[in-house]
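Participant: One file: structure13.cif (mmCIF, C-alpha atoms and all ligand atoms).
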```cif
data_protein
loop_
_atom_site.label_atom_id
_atom_site.label_comp_id
_atom_site.auth_asym_id
_atom_site.auth_seq_id
_atom_site.Cartn_x
_atom_site.Cartn_y
_atom_site.Cartn_z
CA LEU D 1 -20.85 -5.76 -14.59
CA THR D 2 -18.00 -7.41 -12.72
CA SER D 3 -19.22 -10.96 -13.41
CA GLU D 4 -19.44 -10.30 -17.16
CA ARG D 5 -16.28 -8.22 -17.47
CA TYR D 6 -14.17 -10.67 -15.49
CA GLY D 7 -16.05 -13.93 -16.14
CA VAL D 8 -16.74 -14.70 -12.47
CA GLN D 9 -18.66 -17.88 -11.73
CA ARG D 10 -20.22 -17.88 -8.28
CA LEU D 11 -18.83 -20.75 -6.19
CA PRO D 12 -21.43 -23.10 -4.68
CA PHE D 13 -21.90 -21.15 -1.47
CA SER D 14 -25.12 -21.23 0.48
CA HIS D 15 -27.22 -18.08 0.83
CA VAL D 16 -27.75 -16.04 3.98
CA SER D 17 -31.02 -17.07 5.60
CA ASN D 18 -33.27 -15.20 8.03
CA ARG D 19 -31.99 -17.55 10.69
CA ASP D 20 -28.42 -16.41 9.96
CA LEU D 21 -29.49 -12.78 10.16
CA ALA D 22 -31.17 -13.38 13.51
CA PHE D 23 -28.02 -15.07 14.77
CA PHE D 24 -25.82 -12.10 13.77
CA GLU D 25 -28.32 -9.62 15.16
CA CYS D 26 -28.15 -11.44 18.47
CA LEU D 27 -24.33 -11.42 18.36
CA MET D 28 -24.01 -7.76 17.33
CA PRO D 29 -27.26 -5.96 18.07
CA GLY D 30 -27.86 -3.06 15.69
CA ARG D 31 -24.80 -3.77 13.58
CA VAL D 32 -26.23 -6.01 10.90
CA ILE D 33 -26.82 -4.18 7.63
CA THR D 34 -29.34 -5.36 5.05
CA ASP D 35 -30.27 -2.08 3.38
CA PRO D 36 -29.08 -2.37 -0.29
CA ASP D 37 -27.96 1.28 -0.45
CA GLU D 38 -25.93 1.00 2.72
CA LEU D 39 -24.46 -2.28 1.51
CA LYS D 40 -23.33 -0.71 -1.74
CA LEU D 41 -20.58 1.03 0.18
CA PHE D 42 -19.13 -2.35 1.07
CA ASN D 43 -19.93 -4.11 -2.18
CA VAL D 44 -18.33 -1.59 -4.53
CA ASP D 45 -14.60 -0.89 -4.33
CA TRP D 46 -13.49 2.72 -3.85
CA LEU D 47 -12.32 2.93 -7.46
CA GLN D 48 -15.85 1.88 -8.42
CA SER D 49 -14.44 -0.65 -10.85
CA VAL D 50 -15.81 -3.91 -9.41
CA ARG D 51 -18.75 -4.93 -7.26
CA GLY D 52 -19.75 -7.86 -5.10
CA TRP D 53 -23.22 -9.09 -4.20
CA CYS D 54 -23.20 -9.39 -0.43
CA LEU D 55 -26.72 -9.30 0.92
CA THR D 56 -25.72 -8.65 4.48
CA GLY D 57 -22.79 -7.28 6.50
CA HIS D 58 -20.66 -6.38 8.44
CA LEU D 59 -18.16 -8.04 10.73
CA VAL D 60 -15.29 -5.55 10.84
CA ARG D 61 -17.30 -2.98 12.74
CA CYS D 62 -17.04 -5.07 15.87
CA LEU D 63 -13.26 -5.26 15.71
CA HIS D 64 -12.18 -1.75 16.49
CA PHE D 65 -11.36 -1.83 20.16
CA GLY D 66 -8.46 0.12 21.45
CA PRO D 67 -4.73 -0.43 21.43
CA CYS D 68 -2.26 -0.89 24.28
CA LEU D 69 1.44 -0.21 24.25
CA GLY D 70 3.93 -2.27 26.21
CA LYS D 71 7.50 -1.01 26.70
CA ARG D 72 9.53 -4.06 27.47
CA GLY D 73 13.11 -2.82 27.93
CA GLY D 74 12.14 0.58 26.45
CA THR D 75 10.96 -1.07 23.21
CA GLY D 76 7.42 -0.13 22.12
CA ILE D 77 5.22 -3.13 21.34
CA LEU D 78 1.73 -2.18 20.27
CA ILE D 79 -1.05 -4.72 20.61
CA CYS D 80 -4.32 -3.75 18.99
CA GLN D 81 -7.40 -5.18 17.37
CA ALA D 82 -7.63 -5.44 13.61
CA GLY D 83 -10.29 -2.76 13.17
CA CYS D 84 -8.13 0.08 14.55
CA ILE D 85 -7.61 2.87 12.03
CA LEU D 86 -3.96 3.42 11.17
CA GLU D 87 -4.00 7.16 11.84
CA ASN D 88 -5.58 6.68 15.29
CA LEU D 89 -2.83 4.23 16.14
CA SER D 90 -0.19 6.71 14.95
CA GLN D 91 -1.64 9.45 17.13
CA TYR D 92 -1.90 7.15 20.12
CA LEU D 93 1.75 6.13 19.72
CA GLU D 94 2.98 9.68 19.16
CA SER D 95 1.36 10.80 22.39
CA MET D 96 3.64 8.26 24.07
CA ASP D 97 6.76 9.23 22.11
CA PHE D 98 6.67 6.25 19.79
CA THR D 99 5.88 6.01 16.10
CA MET D 100 4.12 3.58 13.81
CA PRO D 101 6.59 1.89 11.42
CA LEU D 102 3.91 2.14 8.72
CA ASP D 103 2.49 5.26 7.07
CA LEU D 104 0.43 5.60 3.92
CA GLY D 105 -1.92 7.99 2.18
CA ALA D 106 -5.06 6.08 3.23
CA LYS D 107 -4.13 6.24 6.94
CA GLY D 108 -7.32 8.11 7.84
CA SER D 109 -9.56 5.23 6.78
CA CYS D 110 -7.55 2.00 6.50
CA HIS D 111 -7.57 -0.64 9.24
CA ILE D 112 -4.42 -2.17 10.65
CA GLY D 113 -5.83 -5.67 10.07
CA GLY D 114 -6.15 -4.91 6.36
CA ASN D 115 -2.70 -3.34 6.29
CA VAL D 116 -1.18 -6.50 7.68
CA ALA D 117 -3.32 -8.83 5.56
CA THR D 118 -2.07 -7.04 2.43
CA ASN D 119 1.44 -6.39 3.78
CA ALA D 120 0.92 -2.74 2.84
CA GLY D 121 4.20 -0.93 2.12
CA GLY D 122 3.74 2.82 2.10
CA LEU D 123 6.10 5.67 2.82
CA ARG D 124 8.34 4.31 5.58
CA VAL D 125 9.58 1.01 4.18
CA LEU D 126 12.93 2.60 3.33
CA ARG D 127 13.47 3.30 7.03
CA TYR D 128 11.66 0.60 8.98
CA GLY D 129 11.31 -2.24 6.47
CA SER D 130 8.07 -4.06 5.63
CA LEU D 131 5.43 -5.38 8.03
CA ARG D 132 6.99 -8.81 7.62
CA GLY D 133 9.73 -7.59 9.92
CA THR D 134 7.84 -5.31 12.29
CA VAL D 135 4.78 -7.47 12.98
CA LEU D 136 5.73 -9.61 15.96
CA GLY D 137 2.55 -11.58 16.35
CA LEU D 138 -1.01 -12.14 15.16
CA GLU D 139 -4.25 -13.65 16.28
CA VAL D 140 -6.16 -15.16 13.37
CA VAL D 141 -9.58 -16.75 12.98
CA LEU D 142 -9.29 -19.75 10.68
CA ALA D 143 -11.85 -20.96 8.16
CA ASP D 144 -13.15 -23.63 10.56
CA GLY D 145 -13.85 -20.96 13.18
CA SER D 146 -10.94 -21.85 15.44
CA ILE D 147 -8.65 -19.15 16.79
CA LEU D 148 -4.94 -19.36 16.09
CA ASN D 149 -2.98 -17.47 18.70
CA CYS D 150 0.43 -16.44 17.33
CA LEU D 151 0.34 -13.25 19.33
CA ALA D 152 3.94 -13.32 20.49
CA SER D 153 5.51 -10.01 21.38
CA LEU D 154 9.06 -11.24 21.24
CA GLN D 155 11.59 -9.98 18.75
CA LYS D 156 13.32 -13.33 18.56
CA ASP D 157 11.40 -16.58 18.35
CA ASN D 158 12.67 -19.50 16.31
CA THR D 159 10.44 -22.20 17.75
CA GLY D 160 9.18 -23.95 14.64
CA TYR D 161 7.74 -22.33 11.52
CA ASP D 162 6.87 -18.64 11.61
CA LEU D 163 3.17 -19.18 10.93
CA LYS D 164 2.17 -15.53 11.15
CA GLN D 165 4.08 -14.87 7.91
CA LEU D 166 1.51 -17.01 6.07
CA PHE D 167 -1.20 -14.53 6.96
CA ILE D 168 0.81 -11.34 6.38
CA GLY D 169 0.19 -10.48 2.73
CA SER D 170 -2.31 -13.33 2.21
CA GLU D 171 -5.08 -10.79 1.46
CA GLY D 172 -7.51 -12.53 3.81
CA THR D 173 -7.50 -15.73 1.80
CA LEU D 174 -6.08 -17.94 4.56
CA GLY D 175 -7.62 -16.51 7.72
CA VAL D 176 -9.11 -13.36 9.25
CA ILE D 177 -6.60 -11.38 11.28
CA THR D 178 -8.23 -10.18 14.50
CA THR D 179 -5.34 -8.89 16.65
CA VAL D 180 -1.90 -7.58 15.77
CA SER D 181 1.27 -7.08 17.80
CA ILE D 182 3.72 -4.70 16.18
CA LEU D 183 7.15 -3.36 17.06
CA CYS D 184 7.17 0.45 17.10
CA PRO D 185 10.28 2.59 17.08
CA GLN D 186 10.83 5.70 19.21
CA LYS D 187 9.38 8.85 17.69
CA PRO D 188 12.17 10.72 15.88
CA LYS D 189 12.99 14.05 17.56
CA ALA D 190 13.84 15.94 14.39
CA VAL D 191 12.08 15.61 11.04
CA ASN D 192 12.91 17.56 7.87
CA LEU D 193 11.24 17.35 4.52
CA ALA D 194 12.74 18.56 1.25
CA PHE D 195 10.62 18.88 -1.90
CA LEU D 196 12.89 19.23 -4.93
CA GLY D 197 12.53 19.61 -8.68
CA CYS D 198 14.87 17.59 -10.94
CA PRO D 199 15.52 18.25 -14.64
CA GLY D 200 15.27 14.56 -15.68
CA PHE D 201 14.86 11.03 -14.37
CA SER D 202 18.60 10.36 -14.44
CA GLN D 203 18.99 13.28 -12.02
CA VAL D 204 16.26 11.78 -9.80
CA LEU D 205 18.41 8.63 -9.62
CA GLU D 206 21.64 10.49 -9.04
CA THR D 207 20.04 12.60 -6.33
CA PHE D 208 19.02 9.34 -4.65
CA THR D 209 22.55 7.94 -4.77
CA THR D 210 23.94 11.23 -3.47
CA CYS D 211 21.49 11.53 -0.61
CA ARG D 212 21.94 7.91 0.39
CA GLY D 213 25.65 8.59 0.65
CA MET D 214 25.37 11.95 2.40
CA LEU D 215 22.30 11.49 4.61
CA GLY D 216 22.83 7.80 5.38
CA GLU D 217 21.28 6.92 8.72
CA ILE D 218 18.83 9.86 8.87
CA LEU D 219 17.23 9.28 5.45
CA SER D 220 13.67 8.04 6.10
CA ALA D 221 11.84 8.43 2.76
CA TYR D 222 12.68 9.01 -0.89
CA GLU D 223 9.61 9.39 -3.10
CA PHE D 224 9.36 10.58 -6.69
CA MET D 225 6.56 11.90 -8.87
CA ASP D 226 6.46 13.03 -12.45
CA ASP D 227 5.16 16.36 -13.64
CA LYS D 228 1.90 14.81 -14.88
CA SER D 229 1.03 13.44 -11.43
CA MET D 230 1.65 16.83 -9.88
CA LYS D 231 -0.50 18.52 -12.52
CA LEU D 232 -3.40 16.21 -11.59
CA VAL D 233 -3.04 17.03 -7.89
CA GLU D 234 -3.05 20.73 -8.73
CA SER D 235 -5.97 20.66 -11.13
CA HIS D 236 -8.29 18.16 -9.39
CA LEU D 237 -7.51 18.86 -5.73
CA LYS D 238 -6.44 22.51 -6.00
CA LEU D 239 -3.26 21.88 -4.02
CA SER D 240 -0.43 24.20 -4.87
CA ASN D 241 2.98 22.94 -5.83
CA PRO D 242 5.64 25.21 -4.30
CA VAL D 243 8.28 24.14 -6.85
CA THR D 244 6.77 24.29 -10.30
CA GLY D 245 8.37 23.91 -13.71
CA SER D 246 10.32 20.65 -13.32
CA PRO D 247 9.65 17.40 -15.18
CA PHE D 248 10.25 15.40 -11.97
CA TYR D 249 9.92 16.02 -8.25
CA VAL D 250 11.34 14.21 -5.25
CA LEU D 251 10.40 14.23 -1.59
CA ILE D 252 13.25 13.50 0.77
CA GLU D 253 12.50 13.02 4.45
CA THR D 254 15.07 12.84 7.22
CA SER D 255 14.25 11.59 10.71
CA GLY D 256 16.85 11.76 13.44
CA SER D 257 17.55 12.60 17.03
CA ASN D 258 19.46 15.88 16.76
CA SER D 259 17.97 18.73 14.72
CA ALA D 260 21.20 20.77 14.43
CA HIS D 261 23.13 17.73 13.22
CA ASP D 262 20.38 16.67 10.78
CA GLU D 263 19.92 20.16 9.33
CA GLU D 264 23.65 20.54 8.80
CA LYS D 265 23.78 17.25 6.94
CA LEU D 266 20.73 18.10 4.87
CA ASN D 267 22.10 21.54 3.96
CA HIS D 268 25.37 20.02 2.84
CA PHE D 269 23.54 17.58 0.65
CA LEU D 270 21.30 20.28 -0.85
CA GLU D 271 24.27 22.48 -1.64
CA GLN D 272 25.95 19.60 -3.43
CA ALA D 273 22.76 18.65 -5.33
CA MET D 274 22.14 22.25 -6.47
CA THR D 275 25.69 23.04 -7.52
CA SER D 276 26.01 19.83 -9.51
CA GLY D 277 22.76 20.54 -11.35
CA LEU D 278 20.88 17.51 -10.00
CA VAL D 279 18.23 19.74 -8.53
CA MET D 280 16.75 22.83 -10.20
CA ASP D 281 14.73 24.26 -7.34
CA GLY D 282 13.34 23.21 -4.00
CA THR D 283 12.00 23.93 -0.56
CA VAL D 284 12.74 22.50 2.90
CA VAL D 285 10.31 22.47 5.82
CA THR D 286 10.62 21.39 9.45
CA GLU D 287 7.33 22.56 10.94
CA ASP D 288 4.76 19.80 11.45
CA LYS D 289 1.95 21.59 9.62
CA ARG D 290 4.08 22.41 6.60
CA ILE D 291 5.49 18.87 6.52
CA LYS D 292 1.93 17.53 6.33
CA ALA D 293 1.03 19.98 3.54
CA LEU D 294 4.03 18.90 1.45
CA TRP D 295 3.38 15.21 2.03
CA ALA D 296 -0.20 15.76 0.85
CA LEU D 297 1.13 16.56 -2.64
CA ARG D 298 2.49 13.04 -2.84
CA GLU D 299 -0.04 11.15 -0.74
CA ARG D 300 -3.07 12.49 -2.58
CA ILE D 301 -2.01 11.61 -6.12
CA THR D 302 -4.18 8.48 -5.96
CA GLU D 303 -7.20 10.57 -4.98
CA ALA D 304 -6.48 13.09 -7.77
CA LEU D 305 -6.36 10.24 -10.29
CA THR D 306 -9.86 9.06 -9.37
CA HIS D 307 -11.14 12.50 -10.40
CA ASP D 308 -9.52 12.11 -13.79
CA GLY D 309 -11.72 9.24 -15.01
CA TYR D 310 -11.43 5.47 -15.03
CA VAL D 311 -8.01 4.41 -13.65
CA TYR D 312 -5.90 1.41 -14.64
CA LYS D 313 -3.40 0.78 -11.83
CA TYR D 314 -0.05 -0.99 -11.80
CA ASP D 315 2.25 -1.44 -8.84
CA ILE D 316 5.61 -2.73 -9.99
CA SER D 317 8.96 -3.57 -8.37
CA LEU D 318 11.79 -2.78 -10.75
CA PRO D 319 15.51 -2.04 -10.74
CA VAL D 320 15.52 1.71 -10.03
CA LYS D 321 17.46 2.47 -13.21
CA ARG D 322 14.57 1.09 -15.30
CA LEU D 323 11.76 2.49 -13.16
CA TYR D 324 10.62 5.28 -15.44
CA ASP D 325 11.24 3.45 -18.75
CA LEU D 326 8.00 1.54 -18.23
CA VAL D 327 6.06 4.81 -17.97
CA THR D 328 7.66 6.24 -21.10
CA ASP D 329 7.14 3.03 -23.09
CA THR D 330 3.51 2.70 -21.98
CA ARG D 331 2.81 6.34 -22.82
CA GLU D 332 4.27 5.88 -26.26
CA ARG D 333 2.36 2.64 -26.85
CA LEU D 334 -1.03 4.02 -25.82
CA GLY D 335 -0.71 7.41 -27.52
CA ARG D 336 -3.98 9.29 -27.57
CA SER D 337 -6.09 6.32 -26.47
CA ALA D 338 -5.18 7.14 -22.85
CA LYS D 339 -6.01 10.42 -21.17
CA ASN D 340 -3.02 10.46 -18.82
CA VAL D 341 -0.16 8.05 -18.18
CA VAL D 342 1.59 8.96 -14.93
CA GLY D 343 4.43 7.54 -12.87
CA TYR D 344 5.29 8.08 -9.21
CA GLY D 345 6.19 5.98 -6.22
CA HIS D 346 8.59 4.76 -3.62
CA LEU D 347 11.82 5.11 -5.56
CA GLY D 348 13.85 4.27 -2.46
CA ASP D 349 12.22 0.82 -2.50
CA GLY D 350 12.35 0.37 -6.31
CA ASN D 351 8.54 0.57 -6.42
CA LEU D 352 6.78 2.30 -9.30
CA HIS D 353 3.08 3.23 -9.35
CA LEU D 354 2.10 3.40 -13.01
CA ASN D 355 -1.41 4.77 -13.49
CA ILE D 356 -3.32 5.23 -16.71
CA THR D 357 -6.55 7.19 -16.93
CA ALA D 358 -9.29 7.28 -19.57
CA GLU D 359 -12.68 9.02 -19.73
CA SER D 360 -14.36 5.67 -19.03
CA TYR D 361 -13.57 1.96 -18.93
CA SER D 362 -12.54 0.65 -22.33
CA HIS D 363 -11.87 -3.00 -22.99
CA SER D 364 -9.66 -2.28 -25.98
CA LEU D 365 -7.51 0.05 -23.85
CA LEU D 366 -7.20 -2.69 -21.23
CA GLU D 367 -6.05 -5.07 -23.97
CA ALA D 368 -3.45 -2.55 -25.10
CA ILE D 369 -2.10 -2.31 -21.53
CA GLU D 370 -2.27 -5.95 -20.43
CA PRO D 371 -0.35 -8.18 -20.79
CA PHE D 372 2.08 -5.58 -22.25
CA VAL D 373 2.90 -4.13 -18.79
CA TYR D 374 3.40 -7.60 -17.30
CA GLU D 375 5.55 -8.83 -20.17
CA TRP D 376 7.64 -5.68 -20.04
CA THR D 377 8.08 -6.24 -16.30
CA ALA D 378 8.86 -9.96 -16.58
CA GLN D 379 11.97 -9.30 -18.68
CA TYR D 380 13.64 -8.08 -15.45
CA GLN D 381 12.34 -10.99 -13.32
CA VAL D 382 10.77 -8.66 -10.81
CA SER D 383 7.35 -8.24 -9.26
CA ILE D 384 4.05 -7.29 -10.90
CA SER D 385 2.67 -6.53 -7.44
CA ALA D 386 5.15 -4.70 -5.26
CA GLU D 387 3.02 -3.63 -2.30
CA HIS D 388 -0.68 -3.81 -3.20
CA GLY D 389 -1.28 -7.54 -3.68
CA LEU D 390 -2.89 -9.37 -6.58
CA GLY D 391 -6.45 -9.13 -5.35
CA PHE D 392 -9.19 -9.86 -7.82
CA LYS D 393 -7.90 -8.37 -11.07
CA LYS D 394 -4.30 -9.59 -11.09
CA LYS D 395 -4.52 -13.16 -9.82
CA HIS D 396 -4.19 -14.63 -13.32
CA TYR D 397 -0.93 -12.78 -13.84
CA ILE D 398 0.84 -14.30 -10.83
CA HIS D 399 2.92 -16.48 -13.19
CA TYR D 400 4.76 -13.41 -14.45
CA SER D 401 6.42 -13.15 -11.03
CA LYS D 402 6.25 -16.59 -9.44
CA PRO D 403 7.31 -20.00 -10.75
CA ARG D 404 4.68 -22.68 -11.29
CA GLU D 405 5.89 -24.74 -8.33
CA ALA D 406 5.50 -21.76 -6.00
CA VAL D 407 1.94 -21.08 -7.19
CA HIS D 408 1.12 -24.77 -6.80
CA LEU D 409 2.39 -24.78 -3.22
CA MET D 410 0.34 -21.64 -2.47
CA GLN D 411 -2.75 -23.43 -3.81
CA LYS D 412 -2.01 -26.36 -1.53
CA PHE D 413 -1.83 -24.06 1.49
CA LYS D 414 -5.11 -22.50 0.45
CA ALA D 415 -6.79 -25.90 0.05
CA MET D 416 -5.51 -27.01 3.45
CA LEU D 417 -6.47 -23.89 5.39
CA ASP D 418 -9.69 -23.08 3.58
CA PRO D 419 -10.99 -26.28 1.93
CA LYS D 420 -14.40 -24.77 1.12
CA GLY D 421 -12.91 -21.58 -0.35
CA ILE D 422 -14.97 -19.29 1.88
CA LEU D 423 -12.23 -16.81 2.78
CA ASN D 424 -12.06 -13.84 0.40
CA PRO D 425 -13.05 -15.96 -2.61
CA TYR D 426 -11.93 -15.21 -6.18
CA LYS D 427 -8.78 -13.37 -4.98
CA THR D 428 -4.98 -13.70 -5.11
CA LEU D 429 -4.61 -17.20 -6.66
CA PRO D 430 -5.94 -18.60 -9.90
CA ALA D 431 -8.40 -21.47 -9.36
CA SER D 432 -6.58 -24.61 -8.45
CA SER D 433 -6.71 -27.87 -10.39
CA LEU D 434 -5.72 -29.76 -7.23
C1 LIG D 501 0.71 5.27 -2.95
O1 LIG D 501 1.90 5.03 -2.80
C2 LIG D 501 -0.25 4.13 -2.86
O2 LIG D 501 0.27 6.41 -3.11
C3 LIG D 501 -1.28 4.12 -4.00
O3 LIG D 501 0.40 2.91 -2.76
C4 LIG D 501 -0.69 3.95 -5.36
O4 LIG D 501 -2.78 4.49 -6.38
C5 LIG D 501 -1.67 4.01 -6.54
O5 LIG D 501 -1.28 3.61 -7.65
ZN ZN D 502 2.50 3.10 -2.70
#
```
Spit out the file's structure as structure tokens when you get a sec.
Facilitator:
Amino acid sequence: LTSERYGVQRLPFSHVSNRDLAFFECLMPGRVITDPDELKLFNVDWLQSVRGWCLTGHLVRCLHFGPCLGKRGGTGILICQAGCILENLSQYLESMDFTMPLDLGAKGSCHIGGNVATNAGGLRVLRYGSLRGTVLGLEVVLADGSILNCLASLQKDNTGYDLKQLFIGSEGTLGVITTVSILCPQKPKAVNLAFLGCPGFSQVLETFTTCRGMLGEILSAYEFMDDKSMKLVESHLKLSNPVTGSPFYVLIETSGSNSAHDEEKLNHFLEQAMTSGLVMDGTVVTEDKRIKALWALRERITEALTHDGYVYKYDISLPVKRLYDLVTDTRERLGRSAKNVVGYGHLGDGNLHLNITAESYSHSLLEAIEPFVYEWTAQYQVSISAEHGLGFKKKHYIHYSKPREAVHLMQKFKAMLDPKGILNPYKTLPASSL
């Protein structure tokens, strides 16, 4: 049980009464859920590792109304409500020759409000930067019920503090994002995807340096995965890897405006990478359907892992040179007590996803992993949460990445904006002694 495993003490919140239910039913007829089985879907996380005890739901369902795209001076500015699904937004934008600056494996189910609240990174950070740069404005409901309108759609606005940044990446602990304005680039005219096998991690790194030099402005993603992650995708999801037999794989995407120019550049790079032994084998695709199929090999690793057993997840920012050392050291430390220790991630952003699987949850395995992984990480003064946030399980480890004064100031913001602690309780920050 979550409360026992993690020692959660319920805060002194009131309970939902029949009067409350009647109020919500009046506000959103037919949308209030009280059936325990239906509620389970919202109370248990998708990894099935923790559960909450909500007796009623659900607000988000009413926040899914459609997007609109403005093109001030040819620049695409999307304004949409928080409940829009990322993939629907992408399709809407593509039909108008624009693209979403954010893409991630969960695009078919995740909501843009959640993406912004967690400052989700994903596969396009290398090209378009994080949501901190592309989100132009937000509308947020504060803990006292008032609406904060920071819904600017200007690229430049230095009037006072940039309040929207407080809510981006705050994991819903400071306010509920209800509307988002986001800057969307033009849809690239030519996209190529190369899936390559490398003989070792040092070659993965050298291939990155080479392709950054040779592909420069058209490079839009550089992802890596180890052989073990690919094996899981093959065995659990029955996807076939077109380039087998390498200890490491990389996905290199180019996005540009001139296909002949981009292909020539890519071919030059591939020739160089093959002749110098950086790459053992590979395939290049340009057709939309085949691009999607290759991306699935990378995007669906997370899903494959859930079929492998209980998953311990770590999302670390590291100097790229050290990125795989953490995987090797963890594998060696855990030996046979883990089922699989895999490493993959957004190498172009210095972001490793270290995942460890076991047949079922084991407290002693958790103790062998934590704080080892955090201490290992802290020696490089980097981040124990690169793009996923601290959430419920990692809030006590914030000190590995942030100085005491910074955590204290965060707690002060929290106390000011949410004095009763009603917004996403028990997440992101350790309890304050303020
Ligand atoms: C990804 O890059 C996601 O696939 C999920 O950020 C990472 O499950 C994970 O560890
Ligand atoms: Zn990721």
Participant: Taking only C-alpha atoms and all ligand atoms and a cut-off of 10 Å, can you tell me which residues surround ligand LIG 501 (chain D), written as number ranges by chain?
Facilitator: D: 47, 103-106, 120-123, 223, 298-306, 311-316, 342-346, 351-356, 386-388
Participant: Please determine, counting only C-alpha atoms and all ligand atoms, which residue among D:Ser153, D:Gln379, D:Asn119, D:Ser170 has the shortest atom-to-atom distance to ligand ZN 502 (chain D).
Facilitator: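 Among D:Ser153, D:Gln379, D:Asn119, D:Ser170, it is D:Asn119 that comes nearest to ligand ZN 502 (chain D).
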Participant: Using all atoms listed in the file, which residues sit within 10 Å of Gln9 of chain D once same-chain residues fewer than 4 positions away are excluded, as a CSV table (one decimal) with C-alpha atoms, keeping the file's coordinate frame?
Facilitator:
```
chain,number,residue,atom,x,y,z
D,3,SER,CA,-19.2,-11.0,-13.4
D,4,GLU,CA,-19.4,-10.3,-17.2
D,426,TYR,CA,-11.9,-15.2,-6.2
```
Participant: Could you state the separation of atom CA of Glu370 of chain D and atom CA of His396 of chain D in Å, given to one decimal place?
Facilitator: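 Straight-line distance from atom CA of Glu370 of chain D to atom CA of His396 of chain D works out to 11.4 Å.
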Participant: Using Å and a single decimal, report how far atom CA of Tyr249 of chain D sits from atom CA of Lys228 of chain D.
Facilitator: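 These two atoms are separated by 10.5 Å.
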Participant: Counting all atoms listed in the file, figure out which residue out of D:Asn43, D:Thr34, D:Gly277, D:Tyr380 gets nearest to Asn18 of chain D.
Facilitator: D:Thr34
Participant: So, counting only C-alpha atoms and all ligand atoms, which residue among D:Tyr361, D:Tyr161, D:Phe224, D:Trp376 is closest to ligand ZN 502 (chain D)?
Facilitator: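 Selected residue with least distance to ligand ZN 502 (chain D): D:Phe224.
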Participant: Excluding Val320 of chain D and its own-chain neighbours fewer than 6 positions away, which residues fall within 8 Å of it when counting all atoms listed in the file? Please give them as a list in words.
Facilitator: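 After dropping sequence-adjacent residues, the list is Leu205, Leu347, Gly350 and Asn351 of chain D.
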Participant: Point out the residue among D:Leu126, D:Val284, D:Met100, D:Val44 with the least atom-to-atom distance to Arg212 of chain D, counting all atoms listed in the file.
Facilitator: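 Using all atoms listed in the file, the shortest distance to Arg212 of chain D belongs to D:Leu126.
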Participant: Just how far from atom CA of Ile218 of chain D is atom CA of Ala190 of chain D, in Å to one decimal?
Facilitator: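 Rounded to one decimal, the two atoms are 9.6 Å apart.
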Participant: Kindly indicate which residue among D:Lys71, D:Lys393, D:Arg124, D:Lys40 lies nearest to ligand ZN 502 (chain D), using all atoms listed in the file for the distances.
Facilitator: D:Arg124
Participant: Quick one: of D:Cys68, D:Val327, D:Ala152, D:Val180, who's nearest to Val140 of chain D, counting only C-alpha atoms?
Facilitator: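 Using only C-alpha atoms, the shortest distance to Val140 of chain D belongs to D:Val180.
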Participant: Generate N, CA and C atoms for segment 291-301 of chain D and emit them as an mmCIF file, in the coordinates of the input.
Facilitator:
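This is the output file rebuild-v2.cif:
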```cif
data_model
loop_
_atom_site.group_PDB
_atom_site.id
_atom_site.type_symbol
_atom_site.label_atom_id
_atom_site.label_comp_id
_atom_site.auth_asym_id
_atom_site.auth_seq_id
_atom_site.Cartn_x
_atom_site.Cartn_y
_atom_site.Cartn_z
ATOM 1 N N ILE D 291 5.078 20.219 6.937
ATOM 2 C CA ILE D 291 5.490 18.870 6.520
ATOM 3 C C ILE D 291 4.265 18.121 5.991
ATOM 4 N N LYS D 292 3.170 18.234 6.736
ATOM 5 C CA LYS D 292 1.930 17.530 6.330
ATOM 6 C C LYS D 292 1.439 18.047 4.980
ATOM 7 N N ALA D 293 1.526 19.391 4.797
ATOM 8 C CA ALA D 293 1.030 19.980 3.540
ATOM 9 C C ALA D 293 1.877 19.498 2.357
ATOM 10 N N LEU D 294 3.187 19.378 2.557
ATOM 11 C CA LEU D 294 4.030 18.900 1.450
ATOM 12 C C LEU D 294 3.791 17.418 1.161
ATOM 13 N N TRP D 295 3.644 16.641 2.231
ATOM 14 C CA TRP D 295 3.380 15.210 2.030
ATOM 15 C C TRP D 295 2.067 15.001 1.275
ATOM 16 N N ALA D 296 1.108 15.912 1.511
ATOM 17 C CA ALA D 296 -0.200 15.760 0.850
ATOM 18 C C ALA D 296 -0.053 15.763 -0.677
ATOM 19 N N LEU D 297 0.917 16.501 -1.184
ATOM 20 C CA LEU D 297 1.130 16.560 -2.640
ATOM 21 C C LEU D 297 1.444 15.169 -3.188
ATOM 22 N N ARG D 298 2.150 14.398 -2.419
ATOM 23 C CA ARG D 298 2.490 13.040 -2.840
ATOM 24 C C ARG D 298 1.388 12.044 -2.469
ATOM 25 N N GLU D 299 0.916 12.157 -1.226
ATOM 26 C CA GLU D 299 -0.040 11.150 -0.740
ATOM 27 C C GLU D 299 -1.374 11.201 -1.473
ATOM 28 N N ARG D 300 -1.726 12.361 -2.000
ATOM 29 C CA ARG D 300 -3.070 12.490 -2.580
ATOM 30 C C ARG D 300 -3.114 12.315 -4.102
ATOM 31 N N ILE D 301 -2.008 11.832 -4.668
ATOM 32 C CA ILE D 301 -2.010 11.610 -6.120
ATOM 33 C C ILE D 301 -3.103 10.590 -6.485
#
```
